[in-house]
Every structure is written in structure tokens, then in C-alpha cells.
Amino acid sequence: MKGLYKKKSQLIEELAALRQRVKELEESARKHQQAEEALEESKEKYRQIYDEAPIGFHELNSEGNIVQVNRAELEILGYTAEEMLSQPVWKFVVEEELTRKILMAKIAGDVSFHETFERTYRRKDGTTLPVLVKDRVIRDKGGQIIGIRSTFEDITERRKSEEALSKSEEQLRQWQKVEAIGKLAGGVAHDFNNLLMTIKGYSEILLGKFDPGDPRHEEVEEILMAAERATSLTRQLLAFGRRQVLHPQVLDLNGIVTNMNKMLRRLIGEDIQLLTALDQELWSVKVDPGQIEQVIMNLAVNARDAMPRGGKLTIETKNVVLDENYARQYVSVKPGPYVMMAVSDNGCGMDKETQSHLFEPFFTTKEKGKGTGLGLSTVYGIVKQSGGNIWVYSEPGRGTSFKIYLPKAAESAKEKYRPIEPTRISARQGAETILLVEDEKAVRTMIRKTLQSNGYTVLEAHHGQEALHICDQYSGPIHLLVTDVVMPRMSGKELAEKATPKHPEMKVLYMSGYPDNSIVQHGVLEPGTEFLQKPFTFKALEGKVREILDKPS
Ligand SMILES: Nc1ncnc2c1ncn2[C@@H]1O[C@H](COP(=O)(O)OP(=O)(O)OP(=O)(O)O)[C@@H](O)[C@H]1O
Ligand SMILES: [Mg+2]
């Protein structure tokens, strides 16, 4: 009985142990279940991330066939999963053969290639897109390569902004090039002017020595004509180099366009229609009217040449405000209010190559003798010197549009624009005394001879110091100081300031190949300053001298 009892209690114990064991097993099963659930959950999360990531993923097996591809990539390329799965990935790449070779080499264990590549993928609709792909090999536990896992990023936007950046860099380079040529051209033109003065001056003297019937008379005339042509070339170069004296006025651009209408029609001929679209509320600008006329003329002539079989020439004016955003995109543009003038044609247009050289002096596509290639360089110089900007839009076969932006003037135009009267030419004999200061001997001698032959008494100095010395010594009146602007040691302006107290009756005429900054601030002469741009003809000199002396002081 005792033994039986023991057996019973043993059984109870064992039962309790069993119960405990069952409990433990249940617990462990529950944990297992939880772990499974967690695993499922994380798999689901992974799938979501894989599918919803903003970049593409795909996985290749050891043959380069796609075994997995995420939704982003399918959406970017426009395929369904069925269409991509088990296909070799290079079937979707424009550089098919190269891609195949690289991927197969990677799978074979070649480590000499980069991880990332730019490739062009083909979409289902036939369009292409640039893609940045990063390929990493996948290995099994034994280290064997079993495939490739890739990320796939659409870089269309990045490409676009890179292109925009390189475009503005290109613009900057072109702008710097044109600026540099401008400086060079301006400098050369200045030296040229002194030479031309001498050539023209002595030719005029020679001309006076031969009778009109003499064959030598005609020959000298040829020299003069050639010098005249050279003068007009240097003038254009000076304009390009922004070394011109401007006479800006506050005016309404529409007035200029309207005034030129008749002349432009004659210029472009009957086959070309001239249309104007002028903003009636146009703001005023402060520009030199003669120069702006030159700009319109040059653009109109180019447009005419671009439409040999006729077409339309349109001149448009409009108020525009260029904002910060716009200014950031273009070199050298300040934000603010501008008056825009567009001169457009529907002619032959031009390719990118021509456009990139457009404003360079002597760039022309016209046959020899037809164009000098200075038209647009002149336009460029004038617009820049007036504080403006110029852009060109052109398409081969469609036409061209030049847009000029001139800053809005602070004041508004008071009166209607009137063309400036050309300098009156009178060659009345003189009897006054003139102090002539010029450092170039050939030029000085010539001017002296001209003035003397007109009856003037000429005192001659080759620099400022000498001129001041003459002022001290000369007891009679000196009616006029004719001085070069740019001279070594003392500028013309400085000389005039020091000399006029000694001879208060003395008037001043400046002459120069280009205006010095001391008298021309921002390209504008101080009001009342008399100025003669070299090279000038004798007639112009005589006329100007007489005009100044006859002016009541
Ligand atoms: N409206 C336009 N349409 C097509 N091409 C143009 C136009 N304007 C200018 N071009 C091109 O730009 C070049 C340079 O023009 P630019 O006015 O500077 O010189 P040009 O007309 O050749 O000679 P120039 O004006 O000195 O007589 C032209 O030769 C032409 O190829
Ligand atoms: Mg031209």
C-alpha cells in the first residue's frame, strides 16, 4: 500500500512536470509565432521600401537576367514586371553591347570596373532617359558571385541643370572674349586715328597744290577716299570699344523708330514689309539718339540681307522689369526696369556657331566686299556704353530676333526728340590767336598749317608744361586753346584748368582719338565742353574753331 501511495505521488509530480513542460512548449510556440509575425512584418516593410523608394532597384542573376525589379523602376521605364522579369537587363539599355560586356565581366569577378555608370535606358514608349546605375555583386555564403544588385536613378533633371550651367559658363566666356577684343580694338583704333589724321591732312594739302585737271589731283583724291574709308572703319571700332563720346538725351524710343520709318522702308526695299508694334506707354531712356539710330540701321540692314526673297521686319518696343531671377541667369544684367526694343526678321536665321561669333569685329559670313563684320560689333558697343544689354534668338530657316534692353531713365522725356544739327561748316577767315597743344608732331604741324592758312596766329606747344609757359610769356590775348585730351604728364583738362586763370578770355576745344575718363564720365561729356573727335578733316576743324570763336561767351 505504501508502495502504491509512493507511486501515486510520483505520478502526480511527473504530471506537474509534464504540465510545466507543456506550458514551456506553448510559451516557446507563441514566441516562435511572434517571431514569424515580426519577420513577416519586416519582410513587408522591406517590400514597401523596395517598391516605394524614389529610386529604382533591380537584381540580376548570374546570367544577367532580371530576377527582381521594384515599382519605381517599372514606373520610370513604363514596363510591367512581367515584361522585365527574366529578360537580360541590357535589352533595355541603348549602349546594349557595352553594358552586357561590363556586367558579365563583373559577374565573372573582374574588379577593374567602377561601381557606378551613366547609361541611357529605353522606355517602353521609345523615348530614352539618362540614368545613373550603381551595380554591386551579390555573393553566396561561400563567396561565390551569384548575381548583381543595382540601384537605378533617373538623372534627367540633373543633366538639365548641368547643361544650363555650362550654357551660362559658355555665355560668360563669350562675353569675356568680346570684352577683351573690344579693349584691343579701341586701343588700336586710337593709334590709327593719329595716323589717319596725318594721311588725310597731308593729302588735303597736296590736293590744294594740284589743279583739278592734273592727273595727280585724281590720285591724291584716291588716297583721301581710302583714308575716308579707313576712318569710318576706325569709328566703328571705337564704337565697339566703347570709346565714343556719347551725347545722351532723355527721350522716347518710339520717336526715333517713327522718325526712321521712311528711311528704313527705302533701305529694306519693297519686298520686305516693315511692321512696328510700339508700346504707347513706353518709358523714357537716356541714350544718344544718333547712336541708337545707328543700332536700328545696322540691325535693319542685317535683317534685309537675311531676307533676299522678301519677308517681314518687325520693330517692337515694350516696358519690362527684369527681376532677380532673370538677372541671375544672365551675365552682366542688373535687375530693374528696362525698355525693350526687338528687331526681328523671318529670314535665313543662323546656326549656333555663327551666333557664338556674332559680336566679334570682322566676323562676317557675307562674301568679300559685301560685309565688313563691324555692324553688330558697333551695335554691341553702343548698347553696352548706354548701360544696356543685347541678346539674340535665332533658328536656321525660321528667322532672327535681336532684343535690346535699355535702362529706364530716371526722368521722363520733356520734348520730342529732334535730330542733332550737323556741325555748321563755315570757313570764314580768322584773325585770332590760338594756342595749340598736341604731343604728336605730325598731327601738330598739320593742324598748325591749316589754322595758319586760315589766317590765325598759332602758338605751338607739345605738352602742357610748355603751354603754361607760353601762357605766362604771351602778353596779347589768346582766344582759343586747342588741346589733345590724353597727353603724357599733364592731361588736356588739367592744362585748361591751369591756363584759363592766366587768360580768362581763352575758350577751349578738346580733341582726341578717344575721350579720356577725366572729361568723359560714363561716356558723357560735361555740358558745354567743346570736343572734336579725331580723325577730323580740315573743314571740320576750321568749322568748329570758327563756331567756338563766334559763340558769345
Ligand atoms: N538678322 C540676321 N539674320 C541672319 N544672320 C545674321 C543677321 N544679323 C547678322 N547675321 C550674321 O552675323 C554676321 C555679322 O553681322 P554684322 O552686321 O556684324 O556684319 P555684316 O553684316 O556681315 O557686315 P557689316 O554689317 O559690317 O556690313 C553676318 O555676316 C551674318 O552672318
Ligand atoms: Mg551688318
# chains A, B, ... in the order shown; residues from 1 in each chain; ligands from 1
>>> residues_near_ligand(ligand="ligand 1", cutoff="6 Å", atoms="only C-alpha atoms and all ligand atoms", output="list in words")
Asn302, Ala303, Ala306, Cys348, Gly349, Met350, Leu358, Phe363, Thr364, Thr365, Lys366, Gly371, Thr372, Gly373, Leu374, Gly375, Leu376, Ser377 and Thr400 of chain A
>>> select_by_dssp(residues="segment 228-425 of chain A", states="alpha helix (DSSP H)", output="number ranges by chain")
A: 228-240, 253-268, 289-306, 324-329, 352-357, 375-385
>>> residues_around(residues="segment 79-95 of chain A", least_positions_apart="4", cutoff="9 Å", atoms="only C-alpha atoms", output="list in words")
Leu60, Asn61, Glu63, Gly64, Asn65, Ile66, Val67, Gln68, Val69, Asn70, Arg71, Glu73, Leu74, Glu75, Thr99, Arg100, Leu103, Arg119, Thr120, Tyr121, Arg122, Arg123, Lys124 and Thr128 of chain A
>>> atom_distance(atom1="atom CA of Ile478 of chain A", atom2="atom CA of Pro504 of chain A")
8.9 Å
>>> residues_around(residues="Glu460 of chain A", least_positions_apart="6", cutoff="8 Å", atoms="only C-alpha atoms", output="ChimeraX atom specification")
/A:435-437,444,448,467
>>> write_last_selection(atoms="C-alpha atoms", output="compact mmCIF listing (two decimals), in the first residue's frame")
# COMPACT_ATOMS: atom_id res chain seq x y z
CA LEU A 435 47.34 128.03 -78.56
CA LEU A 436 47.76 124.54 -79.98
CA VAL A 437 48.89 121.69 -77.72
CA ARG A 444 50.52 119.21 -84.56
CA ARG A 448 49.15 124.47 -87.28
CA ALA A 467 51.76 125.57 -72.97
>>> closest_residue(among="A:Ser284, A:Gln294, A:Thr450, A:Thr529", to="ligand 2", atoms="only C-alpha atoms and all ligand atoms")
A:Gln294
>>> select_by_dssp(residues="segment 83-316 of chain A", states="strand (DSSP E or B)", output="count of residues only")
51
>>> residues_around(residues="Asp140 of chain A", least_positions_apart="6", cutoff="12 Å", atoms="only C-alpha atoms", output="PyMOL selection string")
chain A and resi 61-62+146-148
>>> residues_around(residues="Val383 of chain A", least_positions_apart="5", cutoff="8 Å", atoms="only C-alpha atoms", output="MDAnalysis selection string")
chainID A and resid 388:390 404 406
>>> write_last_selection(atoms="N, CA and C atoms", output="PDB file, in the first residue's frame")
ATOM      1  N   GLY A 388      23.049  99.197 -71.484  1.00  0.00           N
ATOM      2  CA  GLY A 388      22.047  98.191 -71.821  1.00  0.00           C
ATOM      3  C   GLY A 388      22.631  96.816 -72.097  1.00  0.00           C
ATOM      4  N   ASN A 389      21.749  95.934 -72.554  1.00  0.00           N
ATOM      5  CA  ASN A 389      22.149  94.572 -72.896  1.00  0.00           C
ATOM      6  C   ASN A 389      21.505  94.167 -74.208  1.00  0.00           C
ATOM      7  N   ILE A 390      22.145  93.235 -74.885  1.00  0.00           N
ATOM      8  CA  ILE A 390      21.574  92.748 -76.143  1.00  0.00           C
ATOM      9  C   ILE A 390      21.642  91.236 -76.186  1.00  0.00           C
ATOM     10  N   ILE A 404      17.059  94.282 -77.406  1.00  0.00           N
ATOM     11  CA  ILE A 404      17.923  95.239 -76.717  1.00  0.00           C
ATOM     12  C   ILE A 404      17.190  95.754 -75.490  1.00  0.00           C
ATOM     13  N   LEU A 406      17.330  98.639 -72.644  1.00  0.00           N
ATOM     14  CA  LEU A 406      17.968  99.878 -72.200  1.00  0.00           C
ATOM     15  C   LEU A 406      17.338 100.282 -70.861  1.00  0.00           C
TER      16      LEU A 406
END
>>> closest_residue(among="A:Ala410, A:Leu468, A:Val333, A:Val301", to="ligand 2", atoms="only C-alpha atoms and all ligand atoms")
A:Val301
>>> residues_around(residues="segment 319-325 of chain A", least_positions_apart="4", cutoff="9 Å", atoms="only C-alpha atoms", output="PyMOL selection string")
chain A and resi 279+281-283+329+333-341+405+408
>>> decode(residues="segment 306-391 of chain A", atoms="C-alpha atoms", output="compact mmCIF listing (two decimals), in the first residue's frame")
# COMPACT_ATOMS: atom_id res chain seq x y z
CA ALA A 306 18.86 87.75 -94.33
CA MET A 307 15.68 88.03 -96.45
CA PRO A 308 16.85 88.21 -100.08
CA ARG A 309 13.48 86.92 -101.27
CA GLY A 310 11.46 89.28 -99.11
CA GLY A 311 9.83 88.86 -95.72
CA LYS A 312 8.84 90.76 -92.62
CA LEU A 313 10.90 93.12 -90.49
CA THR A 314 9.29 93.87 -87.14
CA ILE A 315 10.33 96.51 -84.66
CA GLU A 316 8.72 96.19 -81.27
CA THR A 317 9.05 98.29 -78.10
CA LYS A 318 7.87 97.31 -74.64
CA ASN A 319 8.38 98.09 -70.96
CA VAL A 320 9.84 95.21 -68.98
CA VAL A 321 11.01 94.68 -65.43
CA LEU A 322 13.89 92.24 -65.13
CA ASP A 323 13.76 90.53 -61.75
CA GLU A 324 16.50 88.99 -59.61
CA ASN A 325 15.72 85.61 -61.06
CA TYR A 326 16.30 86.79 -64.60
CA ALA A 327 19.41 88.71 -63.64
CA ARG A 328 20.91 85.62 -62.09
CA GLN A 329 20.58 83.70 -65.34
CA TYR A 330 22.45 86.17 -67.49
CA VAL A 331 25.88 87.60 -67.23
CA SER A 332 26.06 91.35 -66.57
CA VAL A 333 22.33 92.01 -66.09
CA LYS A 334 21.21 94.19 -63.21
CA PRO A 335 17.60 93.73 -62.13
CA GLY A 336 15.31 96.72 -62.68
CA PRO A 337 13.01 98.46 -65.15
CA TYR A 338 14.06 98.43 -68.81
CA VAL A 339 12.77 99.48 -72.18
CA MET A 340 12.97 96.56 -74.58
CA MET A 341 13.34 97.00 -78.32
CA ALA A 342 13.21 93.92 -80.51
CA VAL A 343 14.20 93.91 -84.17
CA SER A 344 13.06 90.66 -85.77
CA ASP A 345 13.03 89.12 -89.21
CA ASN A 346 11.76 85.89 -90.72
CA GLY A 347 14.85 85.40 -92.84
CA CYS A 348 17.50 82.72 -93.10
CA GLY A 349 18.39 82.68 -89.37
CA MET A 350 21.71 81.36 -88.15
CA ASP A 351 23.23 78.31 -86.55
CA LYS A 352 24.80 78.16 -83.09
CA GLU A 353 28.32 78.50 -84.47
CA THR A 354 27.50 81.81 -86.21
CA GLN A 355 25.69 83.04 -83.11
CA SER A 356 28.73 82.42 -80.94
CA HIS A 357 30.86 84.81 -83.02
CA LEU A 358 28.20 87.36 -83.82
CA PHE A 359 29.52 90.38 -81.94
CA GLU A 360 33.19 89.89 -82.76
CA PRO A 361 34.56 92.60 -85.00
CA PHE A 362 35.22 91.45 -88.57
CA PHE A 363 33.11 88.35 -88.17
CA THR A 364 31.02 88.06 -91.31
CA THR A 365 29.51 85.28 -93.37
CA LYS A 366 29.00 87.60 -96.31
CA GLU A 367 31.13 87.36 -99.41
CA LYS A 368 34.14 89.56 -99.83
CA GLY A 369 33.20 93.18 -100.41
CA LYS A 370 29.63 92.67 -99.11
CA GLY A 371 30.20 92.96 -95.38
CA THR A 372 32.97 94.06 -93.05
CA GLY A 373 31.62 92.29 -89.98
CA LEU A 374 31.54 95.51 -87.97
CA GLY A 375 27.78 96.10 -87.93
CA LEU A 376 26.95 94.08 -84.86
CA SER A 377 30.16 94.90 -83.00
CA THR A 378 29.15 98.54 -83.33
CA VAL A 379 25.66 97.72 -82.08
CA TYR A 380 27.09 95.82 -79.14
CA GLY A 381 29.45 98.65 -78.17
CA ILE A 382 26.72 101.29 -78.34
CA VAL A 383 24.22 99.23 -76.33
CA LYS A 384 26.80 98.42 -73.66
CA GLN A 385 28.03 102.00 -73.46
CA SER A 386 24.43 103.08 -72.97
CA GLY A 387 24.16 100.75 -69.98
CA GLY A 388 22.05 98.19 -71.82
CA ASN A 389 22.15 94.57 -72.90
CA ILE A 390 21.57 92.75 -76.14
CA TRP A 391 20.51 89.15 -76.78
